[in-house]
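Heads up, structure.csv below (CSV, C-alpha atoms and all ligand atoms):
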chain,number,residue,atom,x,y,z
A,1,MET,CA,43.2,-70.6,-47.5
A,2,LEU,CA,41.8,-71.8,-44.3
A,3,LYS,CA,41.2,-75.2,-45.8
A,4,LYS,CA,44.9,-75.7,-46.5
A,5,LYS,CA,45.6,-74.9,-42.9
A,6,LEU,CA,43.0,-77.3,-41.8
A,7,LEU,CA,44.5,-80.2,-43.8
A,8,ALA,CA,47.8,-79.5,-42.1
A,9,ALA,CA,46.0,-79.4,-38.8
A,10,VAL,CA,44.3,-82.7,-39.4
A,11,CYS,CA,47.6,-84.4,-40.2
A,12,THR,CA,49.2,-83.1,-37.0
A,13,GLY,CA,45.9,-83.7,-35.2
A,14,LEU,CA,47.1,-86.6,-33.1
A,15,LEU,CA,50.2,-84.8,-32.0
A,16,GLY,CA,48.2,-81.7,-31.3
A,17,ALA,CA,45.8,-83.6,-29.1
A,18,ALA,CA,48.7,-85.1,-27.1
A,19,LEU,CA,50.2,-81.6,-26.6
A,20,LEU,CA,46.8,-80.1,-25.7
A,21,VAL,CA,46.0,-82.7,-23.1
A,22,SER,CA,49.2,-82.2,-21.1
A,23,PRO,CA,49.0,-78.5,-19.9
A,24,ALA,CA,47.7,-78.3,-16.4
A,25,VAL,CA,44.7,-76.1,-17.4
A,26,ALA,CA,42.2,-78.6,-16.1
A,27,GLY,CA,41.8,-77.9,-12.4
A,28,PRO,CA,39.2,-78.6,-9.8
A,29,LYS,CA,37.5,-75.3,-10.6
A,30,TRP,CA,34.6,-75.7,-12.9
A,31,GLY,CA,33.8,-72.3,-14.3
A,32,THR,CA,35.9,-71.2,-17.3
A,33,ASP,CA,39.1,-69.4,-16.6
A,34,VAL,CA,40.2,-69.4,-20.2
A,35,LYS,CA,40.9,-65.8,-20.8
A,36,GLU,CA,39.9,-66.0,-24.4
A,37,ALA,CA,36.4,-67.2,-23.6
A,38,LEU,CA,35.8,-64.5,-21.1
A,39,LYS,CA,37.0,-61.9,-23.7
A,40,ALA,CA,34.8,-63.4,-26.4
A,41,LEU,CA,31.7,-63.1,-24.3
A,42,LYS,CA,32.2,-59.4,-24.1
A,43,LEU,CA,32.6,-58.9,-27.8
A,44,GLU,CA,29.9,-58.2,-30.4
A,45,GLY,CA,29.8,-61.1,-32.8
A,46,ASP,CA,29.6,-60.7,-36.5
A,47,ALA,CA,27.2,-63.4,-37.8
A,48,ASP,CA,28.4,-63.0,-41.5
A,49,ALA,CA,32.1,-63.5,-40.6
A,50,GLY,CA,30.9,-66.4,-38.4
A,51,TYR,CA,29.1,-68.0,-41.3
A,52,ASP,CA,32.3,-68.1,-43.3
A,53,LEU,CA,34.1,-69.8,-40.5
A,54,TYR,CA,31.3,-72.2,-39.9
A,55,ASP,CA,31.0,-73.0,-43.6
A,56,ASP,CA,34.8,-73.7,-43.8
A,57,VAL,CA,35.3,-75.7,-40.7
A,58,CYS,CA,32.4,-76.7,-38.5
A,59,ILE,CA,30.0,-77.8,-41.2
A,60,ASN,CA,32.1,-80.9,-41.9
A,61,CYS,CA,30.9,-82.4,-38.6
A,62,HIS,CA,28.1,-80.4,-37.2
A,63,GLN,CA,26.4,-80.3,-40.6
A,64,GLU,CA,24.7,-77.6,-42.6
A,65,GLY,CA,22.2,-75.8,-40.3
A,66,GLY,CA,24.1,-77.0,-37.2
A,67,ASN,CA,21.7,-79.8,-36.5
A,68,GLY,CA,24.4,-82.5,-35.9
A,69,ASP,CA,23.9,-86.1,-37.1
A,70,PRO,CA,21.4,-88.8,-36.1
A,71,SER,CA,24.0,-91.1,-34.5
A,72,GLY,CA,24.7,-88.3,-32.0
A,73,ALA,CA,28.5,-88.4,-32.7
A,74,PHE,CA,28.2,-84.7,-33.6
A,75,PRO,CA,25.9,-82.7,-31.4
A,76,GLN,CA,23.3,-80.2,-32.5
A,77,LEU,CA,24.7,-76.7,-32.0
A,78,ALA,CA,21.6,-74.9,-33.2
A,79,GLY,CA,19.7,-73.6,-30.2
A,80,GLN,CA,22.6,-73.8,-27.8
A,81,HIS,CA,23.3,-70.7,-25.7
A,82,ALA,CA,26.1,-68.6,-27.2
A,83,SER,CA,27.8,-68.6,-23.8
A,84,VAL,CA,27.8,-72.4,-23.8
A,85,ILE,CA,29.2,-72.6,-27.3
A,86,ILE,CA,32.1,-70.3,-26.4
A,87,LYS,CA,32.8,-72.0,-23.1
A,88,GLN,CA,32.8,-75.4,-24.6
A,89,ILE,CA,35.1,-74.5,-27.5
A,90,ALA,CA,37.5,-72.8,-25.1
A,91,ASP,CA,37.3,-75.9,-22.8
A,92,ILE,CA,38.0,-78.3,-25.7
A,93,ARG,CA,40.9,-76.1,-26.9
A,94,SER,CA,42.5,-76.0,-23.5
A,95,GLY,CA,42.2,-79.7,-23.0
A,96,ASN,CA,39.7,-79.4,-20.3
A,97,ARG,CA,37.1,-81.4,-22.2
A,98,ASP,CA,38.1,-84.6,-24.0
A,99,ASN,CA,37.3,-84.2,-27.7
A,100,PRO,CA,40.1,-85.6,-29.8
A,101,THR,CA,38.0,-85.4,-32.9
A,102,MET,CA,37.7,-81.6,-32.5
A,103,TYR,CA,41.2,-80.7,-31.3
A,104,PRO,CA,42.6,-79.9,-34.7
A,105,PHE,CA,39.6,-77.8,-35.6
A,106,ALA,CA,39.3,-76.0,-32.3
A,107,SER,CA,42.9,-74.9,-32.5
A,108,VAL,CA,43.6,-71.2,-32.6
A,109,GLU,CA,45.2,-71.6,-36.1
A,110,ALA,CA,42.1,-73.3,-37.4
A,111,LEU,CA,39.7,-70.8,-36.1
A,112,THR,CA,41.6,-67.6,-37.0
A,113,ASP,CA,44.7,-66.3,-38.7
A,114,SER,CA,46.3,-65.0,-35.5
A,115,VAL,CA,46.0,-65.6,-31.8
A,116,GLU,CA,44.8,-62.0,-31.2
A,117,GLU,CA,41.7,-62.7,-33.4
A,118,GLY,CA,40.8,-65.8,-31.3
A,119,PRO,CA,38.2,-64.2,-29.1
A,120,GLN,CA,36.6,-62.3,-32.0
A,121,ALA,CA,36.4,-65.6,-34.1
A,122,LEU,CA,34.7,-67.3,-31.2
A,123,ALA,CA,32.2,-64.4,-30.8
A,124,ASP,CA,31.5,-64.5,-34.6
A,125,VAL,CA,31.0,-68.2,-34.9
A,126,SER,CA,28.7,-68.3,-31.9
A,127,ALA,CA,26.7,-65.3,-33.3
A,128,TYR,CA,26.2,-67.2,-36.5
A,129,ILE,CA,25.1,-70.4,-34.6
A,130,GLU,CA,22.5,-68.2,-32.8
A,131,THR,CA,20.8,-67.6,-36.1
A,132,LEU,CA,20.3,-71.4,-36.7
A,133,THR,CA,17.0,-73.2,-36.1
A,134,MET,CA,16.8,-76.4,-34.0
A,135,LEU,CA,15.6,-79.7,-35.5
A,136,PRO,CA,11.9,-80.1,-34.9
A,137,ASP,CA,12.2,-83.9,-35.1
A,138,ASN,CA,15.4,-84.6,-33.1
A,139,VAL,CA,16.3,-88.2,-32.2
A,140,LYS,CA,14.5,-89.0,-29.0
A,141,GLY,CA,14.7,-91.8,-26.5
A,142,PRO,CA,12.5,-95.0,-26.8
A,143,GLY,CA,9.7,-93.5,-24.7
A,144,GLY,CA,8.9,-96.9,-23.2
A,145,ALA,CA,10.0,-100.5,-23.5
A,146,LEU,CA,13.0,-101.3,-25.8
A,147,PHE,CA,14.9,-104.5,-25.8
A,148,ILE,CA,18.0,-104.6,-28.1
A,149,LEU,CA,21.3,-106.4,-28.0
A,150,LYS,CA,24.0,-104.1,-29.2
A,151,ASN,CA,27.5,-102.7,-28.6
A,152,GLU,CA,27.3,-99.2,-27.4
A,153,PHE,CA,30.8,-98.9,-25.8
A,154,GLU,CA,30.8,-95.2,-25.4
A,155,ILE,CA,27.4,-95.0,-23.7
A,156,ALA,CA,27.1,-98.2,-21.8
A,157,PRO,CA,30.2,-100.5,-22.0
A,158,HIS,CA,28.8,-102.7,-19.2
A,159,LYS,CA,25.7,-103.6,-21.4
A,160,ALA,CA,27.6,-104.4,-24.5
A,161,LEU,CA,26.6,-107.5,-26.3
A,162,GLU,CA,30.2,-108.6,-26.6
A,163,ASN,CA,30.4,-108.9,-22.8
A,164,LEU,CA,27.9,-111.8,-23.0
A,165,GLU,CA,30.5,-113.7,-25.0
A,166,LYS,CA,32.5,-114.1,-21.8
A,167,SER,CA,29.6,-115.4,-19.7
A,168,LEU,CA,27.9,-117.6,-22.3
A,169,PRO,CA,29.2,-120.8,-23.9
A,170,ARG,CA,30.5,-120.0,-27.4
A,171,PRO,CA,27.8,-121.9,-29.4
A,172,VAL,CA,25.0,-120.2,-27.3
A,173,PHE,CA,26.6,-116.8,-27.9
A,174,LYS,CA,26.9,-117.4,-31.6
A,175,LYS,CA,23.2,-118.1,-31.8
A,176,LEU,CA,22.2,-115.2,-29.7
A,177,ASN,CA,24.4,-112.9,-31.8
A,178,LYS,CA,22.0,-113.3,-34.7
A,179,LEU,CA,19.6,-111.0,-32.7
A,180,LYS,CA,22.2,-108.2,-32.7
A,181,ASN,CA,20.7,-104.8,-33.3
A,182,LYS,CA,17.1,-106.1,-33.7
A,183,GLU,CA,14.6,-104.0,-31.7
A,184,PHE,CA,11.8,-105.4,-29.6
A,185,ASN,CA,9.2,-103.3,-27.8
A,186,SER,CA,8.3,-105.7,-25.0
A,187,GLU,CA,10.2,-108.1,-22.8
A,188,ALA,CA,7.8,-110.9,-23.9
A,189,SER,CA,8.5,-110.5,-27.6
A,190,PHE,CA,12.3,-110.2,-26.9
A,191,MET,CA,12.4,-113.3,-24.7
A,192,LYS,CA,10.4,-115.3,-27.3
A,193,ALA,CA,13.0,-114.4,-30.0
A,194,VAL,CA,15.8,-115.4,-27.5
A,195,GLN,CA,14.1,-118.7,-26.8
A,196,LYS,CA,13.8,-119.4,-30.5
A,197,ALA,CA,17.5,-118.6,-31.0
A,198,ILE,CA,19.1,-120.5,-28.1
A,199,GLY,CA,16.4,-122.9,-26.9
A,200,LYS,CA,14.4,-123.1,-23.7
A,201,ALA,CA,17.0,-124.6,-21.3
A,202,ASN,CA,19.6,-122.0,-22.2
A,203,THR,CA,17.1,-119.2,-22.0
A,204,ASN,CA,16.2,-120.2,-18.5
A,205,LYS,CA,19.8,-120.5,-17.5
A,206,TYR,CA,21.0,-117.2,-18.9
A,207,LYS,CA,17.9,-115.0,-18.8
A,208,LYS,CA,19.2,-112.6,-16.2
A,209,GLU,CA,22.5,-111.7,-18.0
A,210,ILE,CA,20.8,-111.5,-21.4
A,211,LEU,CA,18.0,-109.2,-20.1
A,212,PHE,CA,20.5,-107.0,-18.3
A,213,SER,CA,22.4,-106.4,-21.6
A,214,ALA,CA,19.3,-106.0,-23.7
A,215,ASP,CA,17.1,-103.7,-21.6
A,216,TRP,CA,17.3,-100.1,-23.0
A,217,SER,CA,13.8,-99.1,-21.9
A,218,SER,CA,12.9,-95.8,-20.4
A,219,ASP,CA,10.0,-94.7,-18.2
A,220,LEU,CA,8.8,-91.2,-19.0
A,221,ALA,CA,6.8,-90.8,-15.8
A,222,LEU,CA,9.9,-91.6,-13.8
A,223,GLY,CA,12.0,-89.4,-16.0
A,224,LYS,CA,9.7,-86.4,-15.4
A,225,GLN,CA,9.9,-86.8,-11.7
A,226,LEU,CA,13.7,-87.2,-11.7
A,227,PHE,CA,14.0,-84.1,-13.9
A,228,LYS,CA,11.9,-82.1,-11.5
A,229,ASP,CA,13.8,-83.2,-8.5
A,230,ASN,CA,17.3,-83.1,-9.9
A,231,CYS,CA,17.8,-80.9,-13.0
A,232,ILE,CA,15.4,-78.0,-13.0
A,233,ARG,CA,17.6,-76.0,-10.6
A,234,CYS,CA,20.2,-75.6,-13.3
A,235,HIS,CA,18.8,-76.7,-16.7
A,236,GLY,CA,15.4,-75.0,-16.2
A,237,ASP,CA,11.9,-76.5,-16.1
A,238,HIS,CA,12.0,-77.6,-19.8
A,239,GLY,CA,15.7,-78.0,-20.4
A,240,GLN,CA,16.3,-74.5,-21.6
A,241,GLY,CA,19.5,-73.9,-19.6
A,242,ASP,CA,20.7,-70.5,-18.7
A,243,TYR,CA,22.9,-68.2,-20.7
A,244,LYS,CA,24.4,-66.3,-17.8
A,245,ASN,CA,25.5,-69.4,-15.8
A,246,TYR,CA,26.7,-71.4,-18.8
A,247,TYR,CA,24.1,-74.1,-18.2
A,248,PRO,CA,23.5,-75.9,-21.5
A,249,VAL,CA,20.2,-76.2,-23.3
A,250,ILE,CA,19.5,-79.9,-23.2
A,251,ALA,CA,15.9,-79.6,-24.7
A,252,GLY,CA,15.6,-81.1,-28.2
A,253,GLN,CA,19.2,-82.4,-28.3
A,254,ASN,CA,20.0,-85.8,-29.8
A,255,TYR,CA,19.3,-88.7,-27.3
A,256,TYR,CA,22.5,-90.6,-28.0
A,257,TYR,CA,24.7,-87.5,-27.6
A,258,LEU,CA,23.0,-86.7,-24.3
A,259,MET,CA,23.4,-90.3,-23.1
A,260,ARG,CA,27.1,-90.2,-23.9
A,261,GLN,CA,27.7,-86.9,-22.2
A,262,PHE,CA,25.8,-87.9,-19.2
A,263,ALA,CA,27.7,-91.2,-18.9
A,264,TRP,CA,31.0,-89.3,-19.3
A,265,ILE,CA,30.0,-86.7,-16.7
A,266,LYS,CA,28.9,-89.3,-14.2
A,267,GLY,CA,32.0,-91.4,-14.8
A,268,GLY,CA,34.4,-88.4,-14.6
A,269,LYS,CA,35.6,-88.6,-18.2
A,270,ARG,CA,34.3,-85.2,-19.0
A,271,ARG,CA,36.6,-83.1,-16.9
A,272,ASN,CA,34.8,-79.8,-17.3
A,273,ALA,CA,31.7,-81.2,-15.7
A,274,ASN,CA,30.0,-79.2,-13.0
A,275,PRO,CA,30.8,-80.8,-9.6
A,276,ASP,CA,27.3,-80.1,-8.2
A,277,MET,CA,25.8,-81.9,-11.1
A,278,ILE,CA,28.1,-84.9,-10.6
A,279,LYS,CA,26.9,-85.0,-6.9
A,280,GLN,CA,23.3,-84.7,-8.0
A,281,ILE,CA,23.3,-87.7,-10.3
A,282,ALA,CA,25.7,-90.0,-8.4
A,283,GLY,CA,22.9,-92.3,-7.3
A,284,PHE,CA,21.3,-92.7,-10.7
A,285,ASN,CA,20.9,-96.2,-12.1
A,286,ASP,CA,20.7,-97.1,-15.8
A,287,LEU,CA,16.9,-96.8,-16.0
A,288,ASP,CA,17.0,-93.4,-14.2
A,289,LEU,CA,19.6,-92.2,-16.6
A,290,ARG,CA,17.8,-93.2,-19.7
A,291,SER,CA,14.5,-92.0,-18.5
A,292,VAL,CA,15.6,-88.5,-17.4
A,293,LEU,CA,17.4,-88.0,-20.7
A,294,ASP,CA,14.5,-89.3,-22.8
A,295,VAL,CA,12.3,-86.7,-21.1
A,296,SER,CA,14.9,-84.0,-21.9
A,297,THR,CA,14.9,-84.8,-25.6
A,298,ARG,CA,11.2,-84.2,-25.7
A,299,PHE,CA,11.3,-80.7,-24.3
A,300,ILE,CA,10.8,-77.7,-26.7
A,301,MET,CA,12.5,-74.3,-26.4
A,302,LYS,CA,10.2,-71.3,-26.0
A,303,LYS,CA,10.6,-67.6,-27.0
A,304,GLY,CA,12.5,-65.8,-24.3
A,305,ASP,CA,14.6,-68.9,-23.3
A,306,TRP,CA,17.6,-67.4,-24.9
A,307,ALA,CA,17.5,-64.2,-22.8
A,308,LYS,CA,21.0,-63.0,-21.8
A,309,ASN,CA,20.2,-61.5,-18.5
A,401,LIG,C1,36.0,-83.1,-37.0
A,401,LIG,C2,34.7,-82.9,-36.5
A,401,LIG,C3,34.4,-81.6,-35.9
A,401,LIG,C4,34.6,-80.3,-36.3
A,401,LIG,C5,35.2,-79.9,-37.7
A,401,LIG,C6,34.0,-79.4,-35.4
A,401,LIG,N1,33.5,-80.2,-34.3
A,401,LIG,FE1,32.6,-79.4,-32.7
A,401,LIG,N2,32.3,-81.3,-31.9
A,401,LIG,C7,32.7,-82.4,-32.5
A,401,LIG,C8,32.4,-83.6,-31.7
A,401,LIG,C9,32.7,-85.0,-32.0
A,401,LIG,C10,31.8,-83.0,-30.5
A,401,LIG,C11,31.3,-83.8,-29.3
A,401,LIG,C12,32.4,-84.2,-28.4
A,401,LIG,C13,32.0,-85.0,-27.3
A,401,LIG,O1,31.3,-86.0,-27.5
A,401,LIG,O2,32.3,-84.7,-26.2
A,401,LIG,C14,31.8,-81.6,-30.7
A,401,LIG,C15,31.3,-80.7,-29.7
A,401,LIG,C16,31.2,-79.3,-29.9
A,401,LIG,C17,30.7,-78.4,-29.0
A,401,LIG,C18,30.1,-78.8,-27.6
A,401,LIG,C19,28.6,-78.9,-27.8
A,401,LIG,C20,27.8,-79.1,-26.5
A,401,LIG,O3,26.6,-79.3,-26.5
A,401,LIG,O4,28.4,-79.1,-25.4
A,401,LIG,C21,30.7,-77.2,-29.5
A,401,LIG,C22,30.2,-75.9,-28.9
A,401,LIG,C23,31.3,-77.3,-30.8
A,401,LIG,N3,31.6,-78.7,-31.1
A,401,LIG,C24,31.5,-76.3,-31.7
A,401,LIG,C25,32.2,-76.4,-32.9
A,401,LIG,C26,32.5,-75.3,-33.8
A,401,LIG,C27,32.0,-73.8,-33.6
A,401,LIG,C28,33.2,-75.8,-34.8
A,401,LIG,C29,33.8,-75.0,-36.0
A,401,LIG,C30,34.7,-73.9,-35.6
A,401,LIG,C31,33.4,-77.2,-34.6
A,401,LIG,N4,32.7,-77.5,-33.5
A,401,LIG,C32,34.0,-78.1,-35.5
A,401,LIG,C33,33.3,-82.5,-33.8
A,401,LIG,C34,33.7,-81.5,-34.6
A,402,LIG,C1,24.2,-77.7,-10.3
A,402,LIG,C2,23.8,-77.5,-11.6
A,402,LIG,C3,23.4,-78.7,-12.5
A,402,LIG,C4,22.5,-79.7,-12.2
A,402,LIG,C5,21.7,-79.9,-10.9
A,402,LIG,C6,22.4,-80.5,-13.3
A,402,LIG,N1,23.3,-80.1,-14.3
A,402,LIG,FE1,23.6,-80.9,-16.1
A,402,LIG,N2,25.1,-79.5,-16.5
A,402,LIG,C7,25.4,-78.5,-15.7
A,402,LIG,C8,26.4,-77.7,-16.3
A,402,LIG,C9,27.1,-76.5,-15.8
A,402,LIG,C10,26.8,-78.4,-17.5
A,402,LIG,C11,27.9,-78.0,-18.5
A,402,LIG,C12,29.2,-78.5,-17.9
A,402,LIG,C13,30.4,-78.1,-18.7
A,402,LIG,O1,30.7,-77.0,-18.9
A,402,LIG,O2,31.0,-79.1,-19.2
A,402,LIG,C14,25.9,-79.5,-17.6
A,402,LIG,C15,25.9,-80.4,-18.6
A,402,LIG,C16,24.9,-81.4,-18.8
A,402,LIG,C17,24.8,-82.3,-20.0
A,402,LIG,C18,25.7,-82.2,-21.2
A,402,LIG,C19,25.1,-81.2,-22.2
A,402,LIG,C20,25.9,-81.0,-23.5
A,402,LIG,O3,25.4,-80.3,-24.4
A,402,LIG,O4,27.0,-81.5,-23.6
A,402,LIG,C21,23.7,-83.1,-19.8
A,402,LIG,C22,23.2,-84.1,-20.8
A,402,LIG,C23,23.1,-82.7,-18.5
A,402,LIG,N3,23.9,-81.7,-18.0
A,402,LIG,C24,22.0,-83.3,-18.0
A,402,LIG,C25,21.6,-83.1,-16.7
A,402,LIG,C26,20.4,-83.8,-16.1
A,402,LIG,C27,19.5,-84.8,-16.9
A,402,LIG,C28,20.3,-83.3,-14.8
A,402,LIG,C29,19.4,-83.8,-13.8
A,402,LIG,C30,19.4,-85.3,-13.5
A,402,LIG,C31,21.4,-82.4,-14.6
A,402,LIG,N4,22.1,-82.2,-15.8
A,402,LIG,C32,21.6,-81.7,-13.4
A,402,LIG,C33,24.8,-78.1,-14.5
A,402,LIG,C34,23.9,-78.9,-13.8

Take the structure in the file and give it back as structure tokens.
Amino acid sequence: MLKKKLLAAVCTGLLGAALLVSPAVAGPKWGTDVKEALKALKLEGDADAGYDLYDDVCINCHQEGGNGDPSGAFPQLAGQHASVIIKQIADIRSGNRDNPTMYPFASVEALTDSVEEGPQALADVSAYIETLTMLPDNVKGPGGALFILKNEFEIAPHKALENLEKSLPRPVFKKLNKLKNKEFNSEASFMKAVQKAIGKANTNKYKKEILFSADWSSDLALGKQLFKDNCIRCHGDHGQGDYKNYYPVIAGQNYYYLMRQFAWIKGGKRRNANPDMIKQIAGFNDLDLRSVLDVSTRFIMKKGDWAKN
């Protein structure tokens, strides 16, 4: 029954998204003032009912077991604080967090049969998600040097390989393009391949632009220090977050998902972002960003981290 409704919801998804973006729910205030979320947090969730809902709806994207997908398009939900799950769905639903993919599914109709049941459905689905186990081998950052020419428009549009097309003569770009998506684990091996592809003279001439685009390295020592100085205050000393304050678990999450969220938060695209966090990371450069998130993906949750008080 729910499935039929979903199909209809998908078909009207684009329209729904347009309607949902417009209401003036998104304000300067960060904490959730979506009544439904606040109600849901006070309710006792029924994990069995939540399973039915998850199995009908969420599983299509967040996968069986709630571990998301390797590309990071769909985040891992397993291990996330129930309060964060509830707040994020409510934010997505109210148009306070851009997520056109999820709008049709986060709609009240998709979650429940009636508006009154909305908070209960949120409590149920989050109670079910609380029973899921996090991936032991989540996708982590490079943990050191990584040189690769690729187009990651959502994470780092300024580093996209396609940008080089504008600054390089066409024949040079065409040759360089053959290296697309090939990974190198040192600058030397990468530059050697570049030289082989475009010749010595061109390499010398365009080295700076090419390296800027290709450098996806991280520095774990730097990342640890940055985490300590900038993130512990809210996300905890090993990325465990905080149930009561809606601070998300970032430990063990997919690297590409974290990179995208971080970039969106920093750039203002994620409107529900915490203003204090935006301030804290304003001065981060690309290497800082990759390094601190690489460290976050390597943290492991401990017993007690999910405490609700
Ligand atoms: C059509 C695909 C799709 C379906 C179905 C879907 N989601 Fe999502 N969900 C996404 C995407 C994509 C994101 C990440 C959005 C982004 O990048 O900001 C997301 C993000 C989330 C987040 C935020 C996670 C975080 O770490 O902040 C929560 C919570 C969530 N989904 C819960 C659910 C639940 C519960 C259901 C089922 C009722 C569901 N989703 C159904 C695609 C989907
Ligand atoms: C002042 C508190 C605060 C500080 C400091 C802070 N954050 Fe956050 N962060 C938050 C909150 C709150 C959210 C969730 C915002 C929302 O509801 O959309 C968040 C969200 C995130 C997300 C998205 C998580 C997801 O599942 O979608 C990432 C990634 C992140 N923070 C990383 C960091 C890193 C790395 C640092 C340190 C460099 C940091 N944050 C510093 C409060 C903070």

For this session: Determine, counting all atoms listed in the file, which protein, DNA and RNA residues have an atom within 10 Å of an atom of Asp137 of chain A; residues of the same chain fewer than 2 positions away are not included. Present the result as a ChimeraX atom specification.
Result: /A:134-135,139-140,252-254,297-298

Exercise. How many Å lie between atom CA of Phe227 of chain A and atom CA of Ile129 of chain A, rounded to one decimal?
Worked result: 27.2 Å

For this session: Could the residues that lie within 6 Å of ligand LIG 402 (chain A), counting all atoms listed in the file, be listed as a count of residues only?
Result: 21

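Considering only C-alpha atoms, the residue among A:Ile85, A:Ala123, A:Ser94, A:Trp216 positioned nearest to Leu149 of chain A is A:Trp216.
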
Leaving out segment 34-38 of chain A and any residue of its chain fewer than 3 positions from it, which residues lie within 8 Å of it when counting all atoms listed in the file, given as a compact mmCIF listing (two decimals) with C-alpha atoms, keeping the file's coordinate frame?
# COMPACT_ATOMS: atom_id res chain seq x y z
CA LEU A 41 31.70 -63.10 -24.30
CA LYS A 42 32.20 -59.40 -24.10
CA ILE A 86 32.10 -70.30 -26.40
CA LYS A 87 32.80 -72.00 -23.10
CA ALA A 90 37.50 -72.80 -25.10
CA ASP A 91 37.30 -75.90 -22.80
CA SER A 94 42.50 -76.00 -23.50
CA GLY A 118 40.80 -65.80 -31.30
CA PRO A 119 38.20 -64.20 -29.10
CA LEU A 122 34.70 -67.30 -31.20

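Take the candidates A:His81, A:Lys308, A:Lys175, A:Lys196 and check each one against ligand LIG 401 (chain A) using all atoms listed in the file; the shortest distance goes to A:His81.
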
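Comparing A:Val57, A:Glu209, A:Lys150, A:Ile198 by their smallest distance to Asn181 of chain A, the closest is A:Lys150 (using only C-alpha atoms).
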
Problem set entry | Closest of A:Leu43, A:Leu226, A:Ile155, A:Leu77 to ligand LIG 401 (chain A) - atom-to-atom distances counting only C-alpha atoms and all ligand atoms | A:Leu77

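Distances here use only C-alpha atoms; by that measure, the residue among A:Gly241, A:Gly141, A:Pro157, A:Pro169 closest to Lys205 of chain A is A:Pro169.
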
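Shortest atom-to-atom contact with ligand LIG 401 (chain A) among A:Ala214, A:Ala40, A:Met259, A:Ile59: A:Ile59, counting all atoms listed in the file.
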
For this session: List the neighbours of segment 53-55 of chain A out to 9 Å using all atoms listed in the file; skip same-chain residues closer than 3 positions along the sequence, and give me the result as a PyMOL selection string.
Result: chain A and resi 2+48-50+58-60+64+111-112+121+124-125+128-129

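Counting from atom CA of Ala82 of chain A, the distance to atom CA of Lys279 of chain A is 26.1 Å.
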
Exercise. Quick one: residues within 8 Å of Thr131 of chain A, all atoms listed in the file counted, chain neighbours fewer than 4 positions away excluded, as an MDAnalysis selection string?
Worked result: chainID A and resid 47 78 127

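One finds atom CA of Pro70 of chain A at 13.5 Å from atom C7 of ligand LIG 401 (chain A).
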
Problem set entry | Shell around His62 of chain A at 8 Å using all atoms listed in the file, local window under 6 positions removed, as number ranges by chain | A: 68-69, 74-77
